[in-house]
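*Asks:* What follows is the file coords.csv, containing CSV, C-alpha atoms:
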```csv
chain,number,residue,atom,x,y,z
A,10,MET,CA,-36.6,119.8,-49.3
A,11,VAL,CA,-39.3,119.0,-46.7
A,12,ILE,CA,-41.4,115.9,-46.4
A,13,THR,CA,-44.2,115.8,-43.7
A,14,GLY,CA,-45.4,112.4,-42.6
A,15,LYS,CA,-46.9,110.9,-39.5
A,16,ILE,CA,-46.9,107.7,-37.4
A,17,SER,CA,-50.3,106.6,-36.0
A,18,LEU,CA,-50.3,104.4,-33.0
A,19,LYS,CA,-52.4,103.2,-30.1
A,20,SER,CA,-51.0,103.3,-26.5
A,21,ARG,CA,-52.3,102.0,-23.2
A,22,GLY,CA,-51.5,105.2,-21.4
A,23,GLU,CA,-50.1,105.3,-17.8
A,24,CYS,CA,-46.6,105.9,-19.0
A,25,ASP,CA,-46.8,103.4,-21.8
A,26,ILE,CA,-43.5,103.5,-23.8
A,27,LEU,CA,-43.5,102.7,-27.5
A,28,ASP,CA,-40.5,102.2,-29.7
A,29,ILE,CA,-41.0,104.0,-33.0
A,30,THR,CA,-37.4,103.7,-34.3
A,31,PRO,CA,-38.3,101.3,-37.2
A,32,GLN,CA,-41.1,103.5,-38.5
A,33,VAL,CA,-38.9,106.6,-38.3
A,34,ALA,CA,-36.0,104.9,-40.1
A,35,GLN,CA,-38.4,103.6,-42.8
A,36,GLN,CA,-39.7,107.1,-43.5
A,37,VAL,CA,-36.2,108.5,-43.7
A,38,THR,CA,-35.3,105.8,-46.2
A,39,LYS,CA,-38.4,106.4,-48.3
A,40,ALA,CA,-37.7,110.2,-48.3
A,41,GLU,CA,-34.6,109.7,-50.5
A,42,ILE,CA,-32.9,112.7,-48.9
A,43,ASN,CA,-29.2,112.1,-48.2
A,44,SER,CA,-28.6,114.2,-45.1
A,45,GLY,CA,-30.7,116.3,-42.8
A,46,VAL,CA,-32.8,116.1,-39.7
A,47,VAL,CA,-36.0,114.3,-38.8
A,48,THR,CA,-38.2,116.4,-36.4
A,49,LEU,CA,-40.6,114.3,-34.3
A,50,PHE,CA,-43.5,116.0,-32.6
A,51,VAL,CA,-46.4,114.7,-30.5
A,52,ALA,CA,-49.6,116.6,-31.1
A,53,GLY,CA,-51.2,116.5,-27.7
A,54,SER,CA,-50.4,117.6,-24.2
A,55,THR,CA,-50.2,114.3,-22.3
A,56,ALA,CA,-47.4,112.5,-24.2
A,57,GLY,CA,-43.7,113.2,-24.9
A,58,LEU,CA,-40.7,111.9,-26.8
A,59,THR,CA,-37.2,110.9,-25.9
A,60,THR,CA,-34.5,108.2,-26.6
A,61,ILE,CA,-33.8,105.2,-24.4
A,62,GLU,CA,-32.2,101.8,-24.5
A,63,PHE,CA,-35.5,99.9,-25.1
A,64,GLU,CA,-35.3,96.9,-22.8
A,65,PRO,CA,-37.9,96.0,-20.2
A,66,GLY,CA,-35.8,96.6,-17.1
A,67,LEU,CA,-35.1,100.2,-18.1
A,68,ILE,CA,-38.6,100.8,-19.3
A,69,SER,CA,-39.9,100.1,-15.8
A,70,ASP,CA,-37.1,102.2,-14.2
A,71,PHE,CA,-38.0,105.1,-16.4
A,72,GLN,CA,-41.7,104.7,-15.5
A,73,SER,CA,-40.8,104.7,-11.7
A,74,VAL,CA,-39.0,108.1,-11.9
A,75,TRP,CA,-42.3,110.0,-12.4
A,76,GLU,CA,-43.6,109.0,-9.0
A,77,ARG,CA,-40.8,111.1,-7.4
A,78,VAL,CA,-41.1,114.0,-9.8
A,79,ALA,CA,-44.9,114.4,-10.3
A,80,PRO,CA,-46.6,111.8,-8.3
A,81,LYS,CA,-50.0,110.4,-9.3
A,82,SER,CA,-51.2,110.4,-5.7
A,83,ILE,CA,-51.1,114.1,-4.9
A,84,PRO,CA,-53.9,116.6,-5.7
A,85,TYR,CA,-53.7,118.6,-8.9
A,86,ASN,CA,-55.5,121.9,-9.6
A,87,HIS,CA,-56.1,120.7,-13.2
A,88,ASP,CA,-58.2,117.9,-11.8
A,89,ARG,CA,-60.2,120.1,-9.5
A,90,ARG,CA,-61.2,122.3,-12.5
A,91,TRP,CA,-61.7,119.7,-15.2
A,92,GLY,CA,-62.3,116.5,-13.4
A,93,ASP,CA,-60.5,114.3,-15.9
A,94,GLY,CA,-58.0,113.0,-13.3
A,95,ASN,CA,-54.9,113.4,-15.6
A,96,GLY,CA,-53.2,116.4,-14.0
A,97,TYR,CA,-50.1,114.3,-13.4
A,98,SER,CA,-50.0,113.2,-17.0
A,99,HIS,CA,-50.0,116.8,-18.2
A,100,VAL,CA,-47.2,117.8,-15.9
A,101,GLN,CA,-45.0,114.8,-16.7
A,102,ALA,CA,-45.5,115.4,-20.5
A,103,SER,CA,-44.5,119.1,-20.2
A,104,LEU,CA,-41.4,118.1,-18.4
A,105,LEU,CA,-40.3,115.5,-20.9
A,106,GLY,CA,-41.1,117.6,-23.9
A,107,ALA,CA,-43.1,117.1,-27.1
A,108,SER,CA,-40.3,117.4,-29.7
A,109,LEU,CA,-37.2,115.4,-30.6
A,110,VAL,CA,-34.8,116.2,-33.4
A,111,VAL,CA,-32.6,113.4,-34.8
A,112,PRO,CA,-30.0,114.0,-37.5
A,113,PHE,CA,-29.4,111.5,-40.3
A,114,HIS,CA,-26.5,111.1,-42.7
A,115,LYS,CA,-26.5,109.0,-45.9
A,116,GLN,CA,-30.1,108.1,-45.1
A,117,LYS,CA,-29.1,106.6,-41.7
A,118,LEU,CA,-30.3,107.9,-38.3
A,119,THR,CA,-27.3,108.9,-36.1
A,120,LEU,CA,-28.5,106.9,-33.1
A,121,GLY,CA,-26.2,104.9,-30.8
A,122,THR,CA,-26.4,101.1,-31.0
A,123,TRP,CA,-28.5,100.9,-27.8
A,124,GLN,CA,-30.5,104.0,-28.4
A,125,GLN,CA,-34.1,103.9,-29.5
A,126,ILE,CA,-36.7,106.7,-30.2
A,127,VAL,CA,-39.7,106.3,-28.0
A,128,VAL,CA,-43.1,107.9,-27.4
A,129,VAL,CA,-44.1,108.1,-23.8
A,130,ASP,CA,-47.8,108.3,-23.2
A,131,PHE,CA,-48.6,109.6,-19.8
A,132,ASP,CA,-52.3,109.9,-20.1
A,133,ASN,CA,-54.6,108.0,-17.6
A,134,ARG,CA,-56.3,106.0,-20.3
A,135,PRO,CA,-55.6,104.3,-23.7
A,136,ARG,CA,-55.1,106.8,-26.5
A,137,SER,CA,-54.7,106.9,-30.3
A,138,ARG,CA,-51.7,109.1,-31.0
A,139,GLN,CA,-50.3,110.9,-34.1
A,140,ILE,CA,-46.6,111.6,-34.2
A,141,ILE,CA,-45.6,114.2,-36.8
A,142,VAL,CA,-42.5,113.0,-38.7
A,143,GLN,CA,-41.0,115.9,-40.7
A,144,ILE,CA,-37.9,115.2,-42.8
A,145,MET,CA,-35.8,118.1,-44.0
A,146,GLY,CA,-32.4,118.1,-45.8
A,147,ASP,CA,-30.8,117.8,-49.2
B,19,MET,CA,-27.6,123.2,-47.5
B,20,VAL,CA,-26.6,120.6,-44.9
B,21,ILE,CA,-23.2,119.9,-43.3
B,22,THR,CA,-22.8,117.0,-41.0
B,23,GLY,CA,-19.8,117.1,-38.6
B,24,LYS,CA,-19.0,115.8,-35.2
B,25,ILE,CA,-17.2,116.6,-31.9
B,26,SER,CA,-15.2,113.8,-30.3
B,27,LEU,CA,-14.5,114.1,-26.6
B,28,LYS,CA,-13.5,112.1,-23.5
B,29,SER,CA,-15.6,112.4,-20.4
B,30,ARG,CA,-15.0,111.1,-16.8
B,31,GLY,CA,-18.7,110.0,-16.5
B,32,GLU,CA,-20.7,110.4,-13.2
B,33,CYS,CA,-22.4,113.5,-14.4
B,34,ASP,CA,-19.3,115.0,-16.0
B,35,ILE,CA,-20.4,118.3,-17.7
B,36,LEU,CA,-18.3,119.5,-20.7
B,37,ASP,CA,-18.6,122.9,-22.4
B,38,ILE,CA,-18.7,122.3,-26.2
B,39,THR,CA,-19.6,125.9,-27.2
B,40,PRO,CA,-16.3,126.8,-28.8
B,41,GLN,CA,-16.3,123.7,-31.0
B,42,VAL,CA,-19.9,124.3,-32.1
B,43,ALA,CA,-19.2,128.0,-32.8
B,44,GLN,CA,-16.1,127.0,-34.8
B,45,GLN,CA,-18.0,124.5,-37.0
B,46,VAL,CA,-20.8,127.1,-37.6
B,47,THR,CA,-18.1,129.6,-38.8
B,48,LYS,CA,-16.4,127.0,-41.0
B,49,ALA,CA,-19.8,126.0,-42.6
B,50,GLU,CA,-20.1,129.4,-44.3
B,51,ILE,CA,-23.9,129.3,-44.0
B,52,ASN,CA,-25.4,132.6,-43.1
B,53,SER,CA,-28.5,131.6,-41.1
B,54,GLY,CA,-30.0,128.4,-39.9
B,55,VAL,CA,-29.9,125.8,-37.1
B,56,VAL,CA,-27.3,123.6,-35.6
B,57,THR,CA,-28.7,120.3,-34.4
B,58,LEU,CA,-26.6,118.6,-31.7
B,59,PHE,CA,-27.2,115.0,-30.9
B,60,VAL,CA,-25.5,112.5,-28.6
B,61,ALA,CA,-25.2,109.0,-30.0
B,62,GLY,CA,-25.6,106.9,-26.9
B,63,SER,CA,-28.2,106.3,-24.2
B,64,THR,CA,-26.3,107.5,-21.1
B,65,ALA,CA,-25.5,111.1,-22.0
B,66,GLY,CA,-27.6,114.2,-22.8
B,67,LEU,CA,-27.3,117.9,-23.9
B,68,THR,CA,-28.5,121.2,-22.5
B,69,THR,CA,-27.4,124.8,-22.0
B,70,ILE,CA,-26.2,126.2,-18.7
B,71,GLU,CA,-24.1,129.1,-17.3
B,72,PHE,CA,-20.8,127.2,-17.2
B,73,GLU,CA,-19.4,128.0,-13.8
B,74,PRO,CA,-18.2,125.6,-11.1
B,75,GLY,CA,-20.9,126.4,-8.5
B,76,LEU,CA,-23.7,125.8,-10.9
B,77,ILE,CA,-22.1,122.7,-12.3
B,78,SER,CA,-22.1,121.1,-8.9
B,79,ASP,CA,-25.7,122.3,-8.3
B,80,PHE,CA,-26.9,120.7,-11.5
B,81,GLN,CA,-25.1,117.5,-10.6
B,82,SER,CA,-26.9,117.4,-7.2
B,83,VAL,CA,-30.4,117.6,-8.7
B,84,TRP,CA,-30.2,114.0,-10.1
B,85,GLU,CA,-29.9,112.5,-6.6
B,86,ARG,CA,-33.5,113.7,-6.0
B,87,VAL,CA,-34.8,112.8,-9.4
B,88,ALA,CA,-33.2,109.4,-10.2
B,89,PRO,CA,-30.9,108.5,-7.2
B,90,LYS,CA,-27.8,106.4,-7.6
B,91,SER,CA,-28.5,104.5,-4.4
B,92,ILE,CA,-31.9,102.8,-5.2
B,93,PRO,CA,-32.2,99.5,-7.1
B,94,TYR,CA,-32.8,99.6,-10.9
B,95,ASN,CA,-34.3,96.8,-12.9
B,96,HIS,CA,-31.8,97.5,-15.7
B,97,ASP,CA,-29.0,96.6,-13.3
B,98,ARG,CA,-30.7,93.3,-12.2
B,99,ARG,CA,-30.9,92.2,-15.9
B,100,TRP,CA,-27.6,93.5,-17.3
B,101,GLY,CA,-25.4,94.0,-14.3
B,102,ASP,CA,-23.6,97.0,-15.6
B,103,GLY,CA,-24.7,99.2,-12.7
B,104,ASN,CA,-25.7,102.3,-14.7
B,105,GLY,CA,-29.5,102.1,-14.5
B,106,TYR,CA,-29.5,105.6,-13.0
B,107,SER,CA,-27.3,106.9,-15.8
B,108,HIS,CA,-29.8,105.7,-18.5
B,109,VAL,CA,-32.8,107.2,-16.6
B,110,GLN,CA,-31.1,110.5,-16.1
B,111,ALA,CA,-30.1,110.7,-19.8
B,112,SER,CA,-33.6,109.9,-21.1
B,113,LEU,CA,-35.0,112.7,-18.8
B,114,LEU,CA,-32.5,115.4,-20.0
B,115,GLY,CA,-32.7,114.5,-23.7
B,116,ALA,CA,-30.3,113.6,-26.4
B,117,SER,CA,-30.9,116.5,-28.8
B,118,LEU,CA,-30.5,120.3,-28.7
B,119,VAL,CA,-31.2,122.7,-31.5
B,120,VAL,CA,-29.6,126.1,-31.5
B,121,PRO,CA,-30.4,128.7,-34.2
B,122,PHE,CA,-27.6,130.9,-35.7
B,123,HIS,CA,-27.9,134.2,-37.6
B,124,LYS,CA,-25.1,135.9,-39.6
B,125,GLN,CA,-22.9,132.9,-38.6
B,126,LYS,CA,-23.4,133.6,-34.8
B,127,LEU,CA,-25.1,131.3,-32.4
B,128,THR,CA,-28.1,133.0,-30.7
B,129,LEU,CA,-26.9,132.1,-27.2
B,130,GLY,CA,-27.3,134.4,-24.2
B,131,THR,CA,-24.1,135.9,-22.7
B,132,TRP,CA,-24.0,133.5,-19.8
B,133,GLN,CA,-25.3,130.5,-21.7
B,134,GLN,CA,-23.1,127.6,-22.8
B,135,ILE,CA,-23.8,124.4,-24.7
B,136,VAL,CA,-22.9,121.3,-22.6
B,137,VAL,CA,-22.7,117.6,-22.9
B,138,VAL,CA,-23.7,115.8,-19.6
B,139,ASP,CA,-22.2,112.4,-19.4
B,140,PHE,CA,-24.2,110.3,-16.8
B,141,ASP,CA,-22.5,107.0,-17.3
B,142,ASN,CA,-20.8,105.3,-14.3
B,143,ARG,CA,-17.3,105.2,-16.0
B,144,PRO,CA,-15.1,107.3,-18.3
B,145,ARG,CA,-16.4,107.3,-21.9
B,146,SER,CA,-15.4,108.5,-25.4
B,147,ARG,CA,-18.3,110.4,-26.9
B,148,GLN,CA,-19.3,111.5,-30.3
B,149,ILE,CA,-21.6,114.5,-30.7
B,150,ILE,CA,-23.2,114.9,-34.1
B,151,VAL,CA,-23.2,118.5,-35.2
B,152,GLN,CA,-25.4,119.1,-38.2
B,153,ILE,CA,-25.7,122.5,-39.7
B,154,MET,CA,-28.5,123.4,-42.0
B,155,GLY,CA,-29.5,126.8,-43.5
B,156,ASP,CA,-28.9,129.1,-46.4
C,20,MET,CA,-35.3,129.2,-47.0
C,21,VAL,CA,-34.6,130.6,-43.5
C,22,ILE,CA,-36.3,133.5,-41.7
C,23,THR,CA,-35.0,134.6,-38.4
C,24,GLY,CA,-37.3,136.6,-36.1
C,25,LYS,CA,-37.9,137.1,-32.5
C,26,ILE,CA,-40.5,137.6,-29.8
C,27,SER,CA,-39.8,140.2,-27.1
C,28,LEU,CA,-41.7,139.9,-23.8
C,29,LYS,CA,-41.7,140.8,-20.2
C,30,SER,CA,-42.1,138.2,-17.5
C,31,ARG,CA,-42.6,138.4,-13.8
C,32,GLY,CA,-40.1,135.6,-13.1
C,33,GLU,CA,-40.6,132.9,-10.3
C,34,CYS,CA,-41.8,130.4,-12.8
C,35,ASP,CA,-44.0,132.8,-14.7
C,36,ILE,CA,-45.5,130.9,-17.7
C,37,LEU,CA,-46.3,132.8,-20.9
C,38,ASP,CA,-48.3,131.6,-23.9
C,39,ILE,CA,-46.5,132.6,-27.1
C,40,THR,CA,-48.6,130.4,-29.5
C,41,PRO,CA,-50.3,133.3,-31.2
C,42,GLN,CA,-47.1,135.2,-31.9
C,43,VAL,CA,-45.4,132.0,-33.2
C,44,ALA,CA,-48.4,131.2,-35.5
C,45,GLN,CA,-48.4,134.7,-36.8
C,46,GLN,CA,-44.7,134.6,-37.7
C,47,VAL,CA,-45.3,131.3,-39.5
C,48,THR,CA,-48.1,132.8,-41.5
C,49,LYS,CA,-46.1,135.9,-42.4
C,50,ALA,CA,-43.1,133.7,-43.5
C,51,GLU,CA,-45.1,132.4,-46.5
C,52,ILE,CA,-43.3,129.1,-46.3
C,53,ASN,CA,-45.5,126.1,-46.9
C,54,SER,CA,-43.9,123.4,-44.8
C,55,GLY,CA,-41.0,123.2,-42.4
C,56,VAL,CA,-40.0,123.7,-38.8
C,57,VAL,CA,-40.0,126.6,-36.4
C,58,THR,CA,-37.1,126.5,-34.0
C,59,LEU,CA,-37.7,128.4,-30.8
C,60,PHE,CA,-34.8,129.3,-28.5
C,61,VAL,CA,-34.5,131.3,-25.3
C,62,ALA,CA,-31.3,133.4,-25.2
C,63,GLY,CA,-30.5,133.2,-21.4
C,64,SER,CA,-29.8,130.6,-18.8
C,65,THR,CA,-32.8,131.0,-16.4
C,66,ALA,CA,-35.7,130.4,-18.7
C,67,GLY,CA,-37.0,127.4,-20.8
C,68,LEU,CA,-39.6,126.4,-23.3
C,69,THR,CA,-42.2,123.6,-23.5
C,70,THR,CA,-45.7,122.9,-24.5
C,71,ILE,CA,-48.7,122.6,-22.1
C,72,GLU,CA,-52.4,122.9,-22.0
C,73,PHE,CA,-52.5,126.6,-21.0
C,74,GLU,CA,-55.2,126.7,-18.2
C,75,PRO,CA,-54.7,128.2,-14.7
C,76,GLY,CA,-55.0,124.9,-12.8
C,77,LEU,CA,-52.3,123.2,-14.8
C,78,ILE,CA,-50.1,126.3,-14.8
C,79,SER,CA,-50.0,126.1,-10.9
C,80,ASP,CA,-49.5,122.3,-11.0
C,81,PHE,CA,-46.5,122.8,-13.3
C,82,GLN,CA,-45.0,125.5,-11.1
C,83,SER,CA,-45.3,123.2,-8.0
C,84,VAL,CA,-43.3,120.4,-9.5
C,85,TRP,CA,-40.0,122.4,-9.3
C,86,GLU,CA,-40.2,122.5,-5.5
C,87,ARG,CA,-39.6,118.7,-5.6
C,88,VAL,CA,-37.0,118.7,-8.3
C,89,ALA,CA,-34.9,121.7,-7.5
C,90,PRO,CA,-36.3,123.4,-4.4
C,91,LYS,CA,-35.9,127.1,-3.8
C,92,SER,CA,-35.2,126.6,-0.1
C,93,ILE,CA,-32.0,124.6,-0.3
C,94,PRO,CA,-28.5,126.1,-0.6
C,95,TYR,CA,-26.9,126.4,-4.0
C,96,ASN,CA,-23.2,126.8,-4.7
C,97,HIS,CA,-24.0,129.2,-7.5
C,98,ASP,CA,-25.4,131.6,-4.9
C,99,ARG,CA,-22.4,131.2,-2.6
C,100,ARG,CA,-20.2,132.3,-5.4
C,101,TRP,CA,-22.3,135.0,-7.2
C,102,GLY,CA,-24.8,136.1,-4.5
C,103,ASP,CA,-27.6,136.6,-6.9
C,104,GLY,CA,-29.9,134.1,-5.2
C,105,ASN,CA,-31.1,132.4,-8.4
C,106,GLY,CA,-29.2,129.1,-8.3
C,107,TYR,CA,-32.6,127.2,-8.4
C,108,SER,CA,-33.6,129.2,-11.4
C,109,HIS,CA,-30.6,128.1,-13.4
C,110,VAL,CA,-30.9,124.5,-12.5
C,111,GLN,CA,-34.6,124.4,-13.3
C,112,ALA,CA,-34.0,126.1,-16.7
C,113,SER,CA,-31.2,123.6,-17.6
C,114,LEU,CA,-33.5,120.7,-16.8
C,115,LEU,CA,-36.4,122.0,-18.9
C,116,GLY,CA,-34.3,123.0,-21.9
C,117,ALA,CA,-33.8,126.2,-23.9
C,118,SER,CA,-35.0,124.9,-27.3
C,119,LEU,CA,-38.3,123.7,-28.8
C,120,VAL,CA,-38.9,122.6,-32.4
C,121,VAL,CA,-42.4,122.6,-33.8
C,122,PRO,CA,-43.2,121.4,-37.4
C,123,PHE,CA,-45.7,123.2,-39.5
C,124,HIS,CA,-47.5,122.0,-42.6
C,125,LYS,CA,-49.5,124.2,-45.0
C,126,GLN,CA,-48.5,127.2,-42.8
C,127,LYS,CA,-50.2,125.6,-39.8
C,128,LEU,CA,-48.4,124.5,-36.6
C,129,THR,CA,-48.9,120.8,-35.9
C,130,LEU,CA,-50.0,121.4,-32.3
C,131,GLY,CA,-52.8,119.4,-30.6
C,132,THR,CA,-56.0,121.2,-29.8
C,133,TRP,CA,-55.1,121.7,-26.1
C,134,GLN,CA,-51.4,122.3,-26.6
C,135,GLN,CA,-49.8,125.7,-26.4
C,136,ILE,CA,-46.2,126.8,-26.7
C,137,VAL,CA,-45.0,128.5,-23.5
C,138,VAL,CA,-41.9,130.3,-22.2
C,139,VAL,CA,-41.2,129.4,-18.5
C,140,ASP,CA,-39.2,132.1,-16.8
C,141,PHE,CA,-37.5,130.7,-13.7
C,142,ASP,CA,-35.5,133.8,-12.7
C,143,ASN,CA,-36.0,135.3,-9.2
C,144,ARG,CA,-37.0,138.7,-10.6
C,145,PRO,CA,-39.0,140.3,-13.5
C,146,ARG,CA,-37.1,140.0,-16.8
C,147,SER,CA,-37.3,141.2,-20.4
C,148,ARG,CA,-36.8,138.2,-22.7
C,149,GLN,CA,-36.0,137.6,-26.3
C,150,ILE,CA,-37.2,134.3,-27.9
C,151,ILE,CA,-35.5,133.5,-31.2
C,152,VAL,CA,-38.1,132.3,-33.8
C,153,GLN,CA,-36.4,130.7,-36.7
C,154,ILE,CA,-38.5,129.4,-39.6
C,155,MET,CA,-37.0,127.0,-42.1
C,156,GLY,CA,-38.7,125.1,-44.9
C,157,ASP,CA,-39.8,125.3,-48.5
```
Turn the structure described in the file into structure tokens.
*Replies:*
Amino acid sequence: MVITGKISLKSRGECDILDITPQVAQQVTKAEINSGVVTLFVAGSTAGLTTIEFEPGLISDFQSVWERVAPKSIPYNHDRRWGDGNGYSHVQASLLGASLVVPFHKQKLTLGTWQQIVVVDFDNRPRSRQIIVQIMGD
Amino acid sequence: MVITGKISLKSRGECDILDITPQVAQQVTKAEINSGVVTLFVAGSTAGLTTIEFEPGLISDFQSVWERVAPKSIPYNHDRRWGDGNGYSHVQASLLGASLVVPFHKQKLTLGTWQQIVVVDFDNRPRSRQIIVQIMGD
Amino acid sequence: MVITGKISLKSRGECDILDITPQVAQQVTKAEINSGVVTLFVAGSTAGLTTIEFEPGLISDFQSVWERVAPKSIPYNHDRRWGDGNGYSHVQASLLGASLVVPFHKQKLTLGTWQQIVVVDFDNRPRSRQIIVQIMGD
């Protein structure tokens, strides 16, 4: 059994990190499937998905890491060609990854107590985003 | 058809890397499902999952990479707020990712010859861990 | 319903990035499954999978990032033991990840307009690769 839904949200960009755990849990409850997986996928090439303990200290720590890995300040060939200035956003998003798969059992996500599902929007401007939420199981 | 199991293990933390391939393969065999996917998920926000050639040289190489990406020696806002000293562990775990999905066919995981499934425990102390192993297919 | 296929390709190695979106889309169409997920998996420990806007500027930007994260020029313990000189390839592949899961709905992949599915081959020599393409849904 497969149910395809989505979550629509607005982000501020620049590594904005949004907790979507309540929306995902709600869609799993509504699906009335006992056990299975929820596959989350960001349609777009400047955002990604992961899990994190969603507290402000850690959010800023996670944002800082990207300056070491794919700094905003260096030149990007993407920007030379397309001029939209978000080369770093693309590279960061491709590194983090666009999909996340979370099992659920008895309609409950198998997350840890301090573990939330987040969208990370790396783009250099505010964006509207669609997260695909596909629930599969029996 | 969905079967939800788990693997319980003890890690030493500090980027301890544990090969769980034999346990995953065994659960796939026991499931008696011909083809499908096994979804692995770490419940917790200071550990992650990936595949690697599990040999001691590479294990130490993979451990070294994190000092460039999210060094242990720099200050973390998470630690200022919570004082548990594992800010770097959280950041590293969120970068690596908590889920891994491996297809199987004729009850055999589709891994390469030199490719093992590992849990990477980034926490700053020994931990007991639960890995969710969910097998789905027909 | 589960269909297990594969994509065979040749890469040049050294962070060669290959767009496999058309092949994946074709296999989804042929499967005649309405909704579900396609799980992609690289059998091998020196290649990975992600999504990216597949244009030459960004491809070179993404290739450059690895020199900061796991540089080719530093010594690797894997190379000391095995002498094959691809320690950096293994570390990069384990960081990027071997699996990618993409939902589809009405036989259409839920990708963004500028988002392609790519194999990244980090090995230090040309390789033949097999990508597992497993389609599951109803």
*Asks:* Set the cut-off to 9 Å and count only C-alpha atoms: what are the residues of chain B that reach chain C? Output as a PDB file with C-alpha atoms, in the coordinates of the input.
*Replies:*
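File iface32.pdb, as written:
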```
ATOM      1  CA  SER B  53     -28.500 131.600 -41.100  1.00  0.00           C
ATOM      2  CA  GLY B  54     -30.000 128.400 -39.900  1.00  0.00           C
ATOM      3  CA  VAL B  55     -29.900 125.800 -37.100  1.00  0.00           C
ATOM      4  CA  LEU B  67     -27.300 117.900 -23.900  1.00  0.00           C
ATOM      5  CA  THR B  68     -28.500 121.200 -22.500  1.00  0.00           C
ATOM      6  CA  THR B  69     -27.400 124.800 -22.000  1.00  0.00           C
ATOM      7  CA  ILE B  70     -26.200 126.200 -18.700  1.00  0.00           C
ATOM      8  CA  GLU B  71     -24.100 129.100 -17.300  1.00  0.00           C
ATOM      9  CA  GLU B  73     -19.400 128.000 -13.800  1.00  0.00           C
ATOM     10  CA  PRO B  74     -18.200 125.600 -11.100  1.00  0.00           C
ATOM     11  CA  GLY B  75     -20.900 126.400  -8.500  1.00  0.00           C
ATOM     12  CA  LEU B  76     -23.700 125.800 -10.900  1.00  0.00           C
ATOM     13  CA  ILE B  77     -22.100 122.700 -12.300  1.00  0.00           C
ATOM     14  CA  SER B  78     -22.100 121.100  -8.900  1.00  0.00           C
ATOM     15  CA  ASP B  79     -25.700 122.300  -8.300  1.00  0.00           C
ATOM     16  CA  PHE B  80     -26.900 120.700 -11.500  1.00  0.00           C
ATOM     17  CA  VAL B  83     -30.400 117.600  -8.700  1.00  0.00           C
ATOM     18  CA  TRP B  84     -30.200 114.000 -10.100  1.00  0.00           C
ATOM     19  CA  ARG B  86     -33.500 113.700  -6.000  1.00  0.00           C
ATOM     20  CA  VAL B  87     -34.800 112.800  -9.400  1.00  0.00           C
ATOM     21  CA  LEU B 113     -35.000 112.700 -18.800  1.00  0.00           C
ATOM     22  CA  LEU B 114     -32.500 115.400 -20.000  1.00  0.00           C
ATOM     23  CA  GLY B 115     -32.700 114.500 -23.700  1.00  0.00           C
ATOM     24  CA  LEU B 118     -30.500 120.300 -28.700  1.00  0.00           C
ATOM     25  CA  VAL B 119     -31.200 122.700 -31.500  1.00  0.00           C
ATOM     26  CA  VAL B 120     -29.600 126.100 -31.500  1.00  0.00           C
ATOM     27  CA  PRO B 121     -30.400 128.700 -34.200  1.00  0.00           C
ATOM     28  CA  PHE B 122     -27.600 130.900 -35.700  1.00  0.00           C
ATOM     29  CA  HIS B 123     -27.900 134.200 -37.600  1.00  0.00           C
ATOM     30  CA  THR B 128     -28.100 133.000 -30.700  1.00  0.00           C
ATOM     31  CA  LEU B 129     -26.900 132.100 -27.200  1.00  0.00           C
ATOM     32  CA  GLY B 130     -27.300 134.400 -24.200  1.00  0.00           C
ATOM     33  CA  THR B 131     -24.100 135.900 -22.700  1.00  0.00           C
ATOM     34  CA  TRP B 132     -24.000 133.500 -19.800  1.00  0.00           C
ATOM     35  CA  GLN B 133     -25.300 130.500 -21.700  1.00  0.00           C
ATOM     36  CA  GLN B 134     -23.100 127.600 -22.800  1.00  0.00           C
ATOM     37  CA  GLY B 155     -29.500 126.800 -43.500  1.00  0.00           C
ATOM     38  CA  ASP B 156     -28.900 129.100 -46.400  1.00  0.00           C
TER      39      ASP B 156
END
```
*Asks:* Can you find the residues with an atom no farther than 7 Å from (-23.3, 126.8, -37.9), counting only C-alpha atoms, and report them as a list in words?
*Replies:*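 All residues meeting the 7 Å criterion around (-23.3, 126.8, -37.9) are Ala43, Gln45, Val46, Thr47, Ala49, Ile51, Val55, Val56, Phe122, Gln125 and Ile153 of chain B.
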*Asks:* When you draw a straight line from CA of Gly103 in chain B to CA of Asn142 in chain B, how long is it in Å?
*Replies:*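 Atom-to-atom, CA of Gly103 in chain B and CA of Asn142 in chain B are spaced 7.4 Å apart.
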*Asks:* Just the number, please: distance in Å from CA of Pro31 in chain A to CA of Lys24 in chain B, one decimal.
*Replies:*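 Between CA of Pro31 in chain A and CA of Lys24 in chain B the gap is 24.2 Å.
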